[in-house]
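To keep things clear, I will list the structure first and then write my remarks on it.
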Amino acid sequence: MKKKTLGFTLTETLVAIVIGMISVAAAFSAYNYFNKSYASISQKSAISKSAREALTAIARDLRNAGYIDPNYVAYSPESNRTERTVRMNMLSVSQKRFGGKYGQSDYLQLWYANSATQSRYITYYLRQYQGGNSNYYLSRSVLLNRHHPQGGNQLIDNELFVPYVEDFQVILRDKDGKVLVPVCSSGCGSVEDSQGRGNVVSTPYGQMTSGQANAMDVHTAEIYLTVRSPKEVYSKARRTKIQNGESPHGSNLTIPADKYHRETFFVSVHTRNLATPQVKIASSGQSIGVGTGYNK
Amino acid sequence: MEKNIKGISILESLVCLVIIGIGFVAMLQLSSFSINAMDRSLEKNKLNFLSEMVLEDMIGDPDNASNYAFNQTNCNYSTQGGTELHKKNKDKWRNKLEEKNQIKFEKGSGGFKDKKPKCVSGDSKKTIVSGGVGRVNFFTGKGKRKKYLGVIVK
């Protein structure tokens, strides 16, 4: 009977080990690569989704700002409210440089009456996470019937609208494309004070402060939203500069080196219910001006 | 009794490795494709807002809508100045379409580089205004990806 050789030779075993190790190394590096790609994709996707939804909602609110439903009736206890007091509160960047992680983000408030019995007062600003988290989110609050004698009904209270927002800038322009400041109805900050927001001016509706009167001249609102990825994406830390809007009205930040991904989203909205209406009367060809019942 | 050899030959195992390797390469390409798809999606998303900006500017200045024709066929966006609203708005489009100054990343020793959207030969950004209708035609990805949008301005 012939001798029967069973098992591997040493050479075969060594070759098998080498090939096996190469395969394991390839599998490991591929896993690492896929893992990093997945993390990067999911972070970017999260940023894109939240920013897209938020900007769409902000743009819709800004288009509505100042709209007064033709059948809107103020509550009887507030019968002393005149068109002047309604109009002075329609849009307000109450405080430039209000806060946020880098202290340069804005505070936006707007008002519109969307039905005969309901008005909405909407507020956007950056708010810090709770529990010692140093980051900020864009918060949205909706107050129904703000001027109701019982103080209105808080429909949405500081909803987390966009997570991890690093900058929120609102730049308002008049019909000539010039930056319009100050635009604030109440609770104005030091920036607005330095811009003379308290100066009394005459309007077709009576006397207002310049901060209140300017709201009626807003033609375009530009919104900048810089969002950061919730988790680190890059393998190497690097510094980032963010500049949203022109100096001195916008922001100018230098963020210390980190590994996060950042994107800035921008939308520009024609505030059609605030600006001098561009609608023309078909018969005469004349423009309908402010104060001639455009909204009412 | 004949010698009975069982198991796989070196040739078979090498073929097997090559097949597995091809599988790996395919997976890597899939991954890089998905990353690119996400980047494209982000850019499309931004482009949607920018096209909205363009149309909003036209709607906001309907008496001068005819001045809002715009044609940018290369990637060198340079502002042209002017005091009229339509000129200011078109300069705004140029700045926003190339995300000028918005985000800068540190690159090399202390220097910063603009984060700009991809722009390659064949890309173009165009608006057409005629008969009170404003249209936006944005082409990206060497002109392969098209974004059309239109509104009645007046």
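Naming scheme: A, B, ... for chains in displayed order of the structure tokens; residues 1 onward per chain; ligands 1 onward as shown.
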
Write down, as a compact mmCIF listing (two decimals) with C-alpha atoms, in the first residue's frame, each residue of chain A that has any atom within 8 Å of an atom of chain B, counting only C-alpha atoms.
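Result file follows (out38.txt):
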# COMPACT_ATOMS: atom_id res chain seq x y z
CA MET A 1 0.00 0.00 0.00
CA LYS A 2 1.31 3.43 -0.98
CA LYS A 4 -0.73 8.53 1.86
CA ALA A 30 -12.92 48.46 3.57
CA PHE A 34 -17.53 52.28 4.54
CA SER A 37 -18.41 57.19 4.39
CA ILE A 41 -23.13 60.82 4.29
CA LYS A 44 -24.45 65.71 5.45
CA SER A 45 -27.89 64.30 4.77
CA SER A 48 -29.41 69.12 4.20
CA ARG A 52 -34.18 72.56 3.57
CA LYS A 175 -36.95 98.56 -2.47
CA ASP A 176 -33.69 100.14 -3.60
CA GLY A 177 -31.65 97.17 -2.38
CA HIS A 219 -38.84 94.72 0.46
CA THR A 220 -36.49 91.73 0.64
CA ARG A 238 -9.17 72.70 10.67
CA ARG A 239 -10.32 76.21 11.39
CA THR A 240 -13.36 77.68 9.63
CA LYS A 241 -14.32 81.24 8.79
CA ILE A 242 -17.96 82.14 8.31
CA GLN A 243 -19.14 85.40 6.82
CA ASN A 244 -22.87 85.77 6.28
CA GLU A 263 -22.83 74.23 5.34
CA THR A 264 -24.39 77.64 4.85
CA PHE A 265 -27.86 77.80 3.32
CA PHE A 266 -29.25 81.01 1.92
CA VAL A 267 -32.69 82.11 0.86
CA SER A 268 -33.93 85.49 -0.25
CA VAL A 269 -37.60 86.33 0.07
CA HIS A 270 -39.68 89.18 -1.30
CA ARG A 272 -44.72 91.03 -0.51
CA GLN A 278 -46.03 96.89 -6.86

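Assigned to alpha helix (DSSP H) in region 69-211 of chain A, given DSSP computed from backbone atoms, are Glu83, Arg84, Thr85, Val86, Arg87, Ser190, Val191, Glu192, Asp193, Ser194, Ser210 and Gly211 of chain A.
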
Which residues are close to region 126-133 of chain B, i.e. within 9 Å by only C-alpha atoms, leaving aside same-chain residues fewer than 4 positions away? Reply as a VMD selection string.
chain B and resid 54 62 65 to 73 137 to 139 150 to 154

Output for the residues just chosen: N, CA and C atoms as a PDB file, in the first residue's frame:
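The result, stored in out-v5.pdb:
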ATOM      1  N   VAL B  54     -33.721  83.986  -7.254  1.00  0.00           N
ATOM      2  CA  VAL B  54     -33.755  84.677  -8.549  1.00  0.00           C
ATOM      3  C   VAL B  54     -35.191  85.056  -8.913  1.00  0.00           C
ATOM      4  N   PRO B  62     -41.380  93.835 -10.551  1.00  0.00           N
ATOM      5  CA  PRO B  62     -42.018  93.428 -11.814  1.00  0.00           C
ATOM      6  C   PRO B  62     -41.986  94.499 -12.900  1.00  0.00           C
ATOM      7  N   ALA B  65     -38.893  93.853 -14.835  1.00  0.00           N
ATOM      8  CA  ALA B  65     -38.605  92.429 -15.028  1.00  0.00           C
ATOM      9  C   ALA B  65     -37.719  92.178 -16.249  1.00  0.00           C
ATOM     10  N   SER B  66     -37.917  92.992 -17.286  1.00  0.00           N
ATOM     11  CA  SER B  66     -37.155  92.747 -18.521  1.00  0.00           C
ATOM     12  C   SER B  66     -35.656  92.947 -18.309  1.00  0.00           C
ATOM     13  N   ASN B  67     -35.276  93.672 -17.235  1.00  0.00           N
ATOM     14  CA  ASN B  67     -33.852  93.886 -16.980  1.00  0.00           C
ATOM     15  C   ASN B  67     -33.204  92.718 -16.248  1.00  0.00           C
ATOM     16  N   TYR B  68     -33.985  91.714 -15.948  1.00  0.00           N
ATOM     17  CA  TYR B  68     -33.444  90.625 -15.129  1.00  0.00           C
ATOM     18  C   TYR B  68     -32.916  89.456 -15.957  1.00  0.00           C
ATOM     19  N   ALA B  69     -32.735  89.676 -17.258  1.00  0.00           N
ATOM     20  CA  ALA B  69     -32.118  88.621 -18.081  1.00  0.00           C
ATOM     21  C   ALA B  69     -30.671  88.459 -17.643  1.00  0.00           C
ATOM     22  N   PHE B  70     -30.241  87.237 -17.517  1.00  0.00           N
ATOM     23  CA  PHE B  70     -28.930  86.931 -16.920  1.00  0.00           C
ATOM     24  C   PHE B  70     -28.365  85.736 -17.645  1.00  0.00           C
ATOM     25  N   ASN B  71     -27.084  85.786 -17.947  1.00  0.00           N
ATOM     26  CA  ASN B  71     -26.485  84.645 -18.640  1.00  0.00           C
ATOM     27  C   ASN B  71     -25.043  84.478 -18.188  1.00  0.00           C
ATOM     28  N   GLN B  72     -24.821  83.471 -17.389  1.00  0.00           N
ATOM     29  CA  GLN B  72     -23.482  83.195 -16.854  1.00  0.00           C
ATOM     30  C   GLN B  72     -23.037  81.847 -17.411  1.00  0.00           C
ATOM     31  N   THR B  73     -22.121  81.897 -18.382  1.00  0.00           N
ATOM     32  CA  THR B  73     -21.756  80.646 -19.055  1.00  0.00           C
ATOM     33  C   THR B  73     -20.402  80.107 -18.606  1.00  0.00           C
ATOM     34  N   ASN B 137     -33.002  78.819 -15.902  1.00  0.00           N
ATOM     35  CA  ASN B 137     -32.393  77.598 -16.442  1.00  0.00           C
ATOM     36  C   ASN B 137     -31.002  77.456 -15.830  1.00  0.00           C
ATOM     37  N   PHE B 138     -30.854  76.528 -14.927  1.00  0.00           N
ATOM     38  CA  PHE B 138     -29.557  76.307 -14.303  1.00  0.00           C
ATOM     39  C   PHE B 138     -29.031  74.940 -14.754  1.00  0.00           C
ATOM     40  N   PHE B 139     -27.797  74.929 -15.246  1.00  0.00           N
ATOM     41  CA  PHE B 139     -27.193  73.668 -15.688  1.00  0.00           C
ATOM     42  C   PHE B 139     -25.946  73.389 -14.864  1.00  0.00           C
ATOM     43  N   GLY B 150     -40.133  78.423 -13.600  1.00  0.00           N
ATOM     44  CA  GLY B 150     -40.701  79.612 -14.230  1.00  0.00           C
ATOM     45  C   GLY B 150     -41.851  80.177 -13.417  1.00  0.00           C
ATOM     46  N   VAL B 151     -42.011  81.488 -13.481  1.00  0.00           N
ATOM     47  CA  VAL B 151     -43.158  82.124 -12.808  1.00  0.00           C
ATOM     48  C   VAL B 151     -43.702  83.234 -13.692  1.00  0.00           C
ATOM     49  N   ILE B 152     -44.937  83.571 -13.439  1.00  0.00           N
ATOM     50  CA  ILE B 152     -45.495  84.753 -14.092  1.00  0.00           C
ATOM     51  C   ILE B 152     -45.139  85.940 -13.217  1.00  0.00           C
ATOM     52  N   VAL B 153     -44.337  86.834 -13.760  1.00  0.00           N
ATOM     53  CA  VAL B 153     -43.846  87.961 -12.970  1.00  0.00           C
ATOM     54  C   VAL B 153     -44.878  89.072 -12.918  1.00  0.00           C
ATOM     55  N   LYS B 154     -45.569  89.246 -14.011  1.00  0.00           N
ATOM     56  CA  LYS B 154     -46.453  90.406 -14.095  1.00  0.00           C
ATOM     57  C   LYS B 154     -47.707  90.066 -14.873  1.00  0.00           C
TER      58      LYS B 154
END

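Taking CA of Gly187 (chain A) as the reference point, CA of Ala213 (chain A) is found at 15.1 Å.
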
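For the residues B:Ala26, B:Asn95, B:Glu12, B:Val18, ranking by smallest atom-to-atom distance to Glu246 (chain A) using only C-alpha atoms places B:Asn95 first.
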
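Pairwise distance (CA of Leu155 (chain A), CA of Arg97 (chain A)) equals 26.6 Å.
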
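Put simply, CA of Arg63 (chain A) is 6.8 Å away from CA of Asn273 (chain A).
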
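Shell of Arg94 (chain B) at 7 Å, with only C-alpha atoms counted and residues fewer than 5 places along the chain excluded, is Tyr77, Ser78 and Thr79 of chain B.
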
Counting only C-alpha atoms, what is within 9 Å of region 114-129 of chain A, bar same-chain residues fewer than 2 positions away, as a compact mmCIF listing (two decimals) with N, CA and C atoms, in the first residue's frame?
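Full text of part.txt as output:
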# COMPACT_ATOMS: atom_id res chain seq x y z
N ILE A 58 -39.31 79.15 6.97
CA ILE A 58 -38.98 80.56 7.26
C ILE A 58 -39.40 81.44 6.08
N ASP A 61 -43.10 81.94 6.12
CA ASP A 61 -43.49 82.90 7.16
C ASP A 61 -43.17 84.33 6.74
N ASN A 64 -45.57 85.66 4.30
CA ASN A 64 -46.85 85.98 4.96
C ASN A 64 -46.76 87.22 5.84
N TYR A 67 -49.32 90.15 6.43
CA TYR A 67 -50.60 89.91 5.77
C TYR A 67 -51.74 90.05 6.78
N ILE A 68 -52.77 90.74 6.36
CA ILE A 68 -53.95 90.86 7.22
C ILE A 68 -55.14 90.32 6.43
N ASP A 69 -55.72 89.26 6.93
CA ASP A 69 -56.87 88.68 6.25
C ASP A 69 -57.96 89.75 6.10
N PRO A 70 -58.59 89.82 4.93
CA PRO A 70 -59.60 90.88 4.71
C PRO A 70 -60.70 90.87 5.77
N ASN A 71 -60.96 89.72 6.36
CA ASN A 71 -62.03 89.63 7.36
C ASN A 71 -61.52 89.67 8.79
N TYR A 72 -60.23 89.95 8.94
CA TYR A 72 -59.66 89.91 10.29
C TYR A 72 -60.29 91.00 11.17
N VAL A 73 -60.73 90.57 12.33
CA VAL A 73 -61.33 91.51 13.27
C VAL A 73 -60.58 91.40 14.59
N ALA A 74 -60.13 92.54 15.07
CA ALA A 74 -59.42 92.53 16.35
C ALA A 74 -60.41 92.22 17.46
N TYR A 75 -59.91 91.66 18.53
CA TYR A 75 -60.79 91.36 19.67
C TYR A 75 -61.38 92.63 20.24
N MET A 90 -45.30 94.16 12.63
CA MET A 90 -45.39 93.12 11.59
C MET A 90 -44.10 92.36 11.36
N PHE A 98 -27.88 89.02 18.73
CA PHE A 98 -28.61 88.63 19.95
C PHE A 98 -27.87 87.55 20.73
N GLY A 99 -27.37 86.54 20.03
CA GLY A 99 -26.73 85.45 20.78
C GLY A 99 -26.23 84.36 19.88
N GLY A 100 -26.43 83.11 20.31
CA GLY A 100 -25.86 81.97 19.59
C GLY A 100 -24.49 81.65 20.12
N LYS A 101 -23.91 80.59 19.63
CA LYS A 101 -22.63 80.11 20.14
C LYS A 101 -21.53 81.16 20.02
N SER A 105 -25.66 85.97 16.23
CA SER A 105 -26.88 85.57 15.53
C SER A 105 -28.05 86.48 15.88
N ASP A 106 -29.04 86.51 15.00
CA ASP A 106 -30.12 87.49 15.11
C ASP A 106 -31.39 86.90 15.74
N TYR A 107 -32.29 87.81 16.06
CA TYR A 107 -33.56 87.47 16.69
C TYR A 107 -34.66 88.00 15.77
N LEU A 108 -35.44 87.09 15.20
CA LEU A 108 -36.44 87.49 14.19
C LEU A 108 -37.85 87.27 14.72
N GLN A 109 -38.71 88.28 14.54
CA GLN A 109 -40.12 88.13 14.92
C GLN A 109 -40.99 88.67 13.79
N LEU A 110 -42.08 87.98 13.53
CA LEU A 110 -42.98 88.47 12.50
C LEU A 110 -44.42 88.14 12.86
N TRP A 111 -45.32 88.87 12.25
CA TRP A 111 -46.74 88.76 12.59
C TRP A 111 -47.59 88.76 11.34
N TYR A 112 -48.63 87.93 11.31
CA TYR A 112 -49.62 88.02 10.25
C TYR A 112 -50.95 87.45 10.74
N GLY A 131 -28.60 70.94 29.59
CA GLY A 131 -27.72 69.89 30.11
C GLY A 131 -26.25 70.12 29.82
N GLY A 132 -25.84 71.38 29.86
CA GLY A 132 -24.41 71.67 29.74
C GLY A 132 -23.86 71.57 28.33
N ASN A 133 -24.73 71.35 27.36
CA ASN A 133 -24.29 71.31 25.97
C ASN A 133 -24.05 72.75 25.49
N SER A 134 -22.87 73.00 24.96
CA SER A 134 -22.54 74.39 24.59
C SER A 134 -23.07 74.78 23.22
N ASN A 135 -23.79 73.87 22.58
CA ASN A 135 -24.26 74.16 21.22
C ASN A 135 -25.66 74.77 21.23
N TYR A 136 -26.03 75.29 20.05
CA TYR A 136 -27.30 76.00 19.92
C TYR A 136 -28.16 75.40 18.81
N TYR A 137 -29.46 75.56 18.94
CA TYR A 137 -30.36 75.14 17.87
C TYR A 137 -31.25 76.32 17.47
N LEU A 138 -31.79 76.26 16.27
CA LEU A 138 -32.71 77.31 15.85
C LEU A 138 -34.08 76.98 16.42
N SER A 139 -34.60 77.90 17.21
CA SER A 139 -35.89 77.65 17.86
C SER A 139 -36.98 78.43 17.15
N ARG A 140 -38.17 77.83 17.10
CA ARG A 140 -39.32 78.50 16.49
C ARG A 140 -40.48 78.47 17.47
N SER A 141 -41.06 79.62 17.72
CA SER A 141 -42.23 79.70 18.59
C SER A 141 -43.37 80.36 17.83
N VAL A 142 -44.56 79.87 18.07
CA VAL A 142 -45.74 80.47 17.43
C VAL A 142 -46.75 80.82 18.52
N LEU A 143 -47.09 82.10 18.58
CA LEU A 143 -48.08 82.58 19.55
C LEU A 143 -49.33 82.99 18.77
N LEU A 144 -50.45 82.33 19.11
CA LEU A 144 -51.70 82.68 18.43
C LEU A 144 -52.34 83.87 19.12
N ASN A 145 -52.86 84.77 18.33
CA ASN A 145 -53.62 85.93 18.85
C ASN A 145 -52.88 86.64 19.99
N ARG A 146 -51.71 87.11 19.64
CA ARG A 146 -50.80 87.73 20.62
C ARG A 146 -51.48 88.82 21.44
N HIS A 147 -52.36 89.59 20.78
CA HIS A 147 -52.94 90.75 21.47
C HIS A 147 -54.22 90.43 22.21
N ASN A 158 -40.78 77.28 21.56
CA ASN A 158 -39.36 76.96 21.38
C ASN A 158 -39.12 75.57 20.81
N LEU A 160 -37.54 72.75 18.65
CA LEU A 160 -36.19 72.56 18.07
C LEU A 160 -36.37 72.45 16.56
N VAL A 165 -27.07 74.78 14.99
CA VAL A 165 -26.94 75.95 14.12
C VAL A 165 -25.85 76.86 14.69
N GLU A 166 -24.97 77.32 13.83
CA GLU A 166 -23.86 78.15 14.31
C GLU A 166 -24.06 79.62 13.98
N ASP A 167 -24.87 79.88 12.96
CA ASP A 167 -25.12 81.29 12.65
C ASP A 167 -26.49 81.44 11.99
N PHE A 168 -27.20 82.46 12.39
CA PHE A 168 -28.52 82.75 11.82
C PHE A 168 -28.57 84.26 11.60
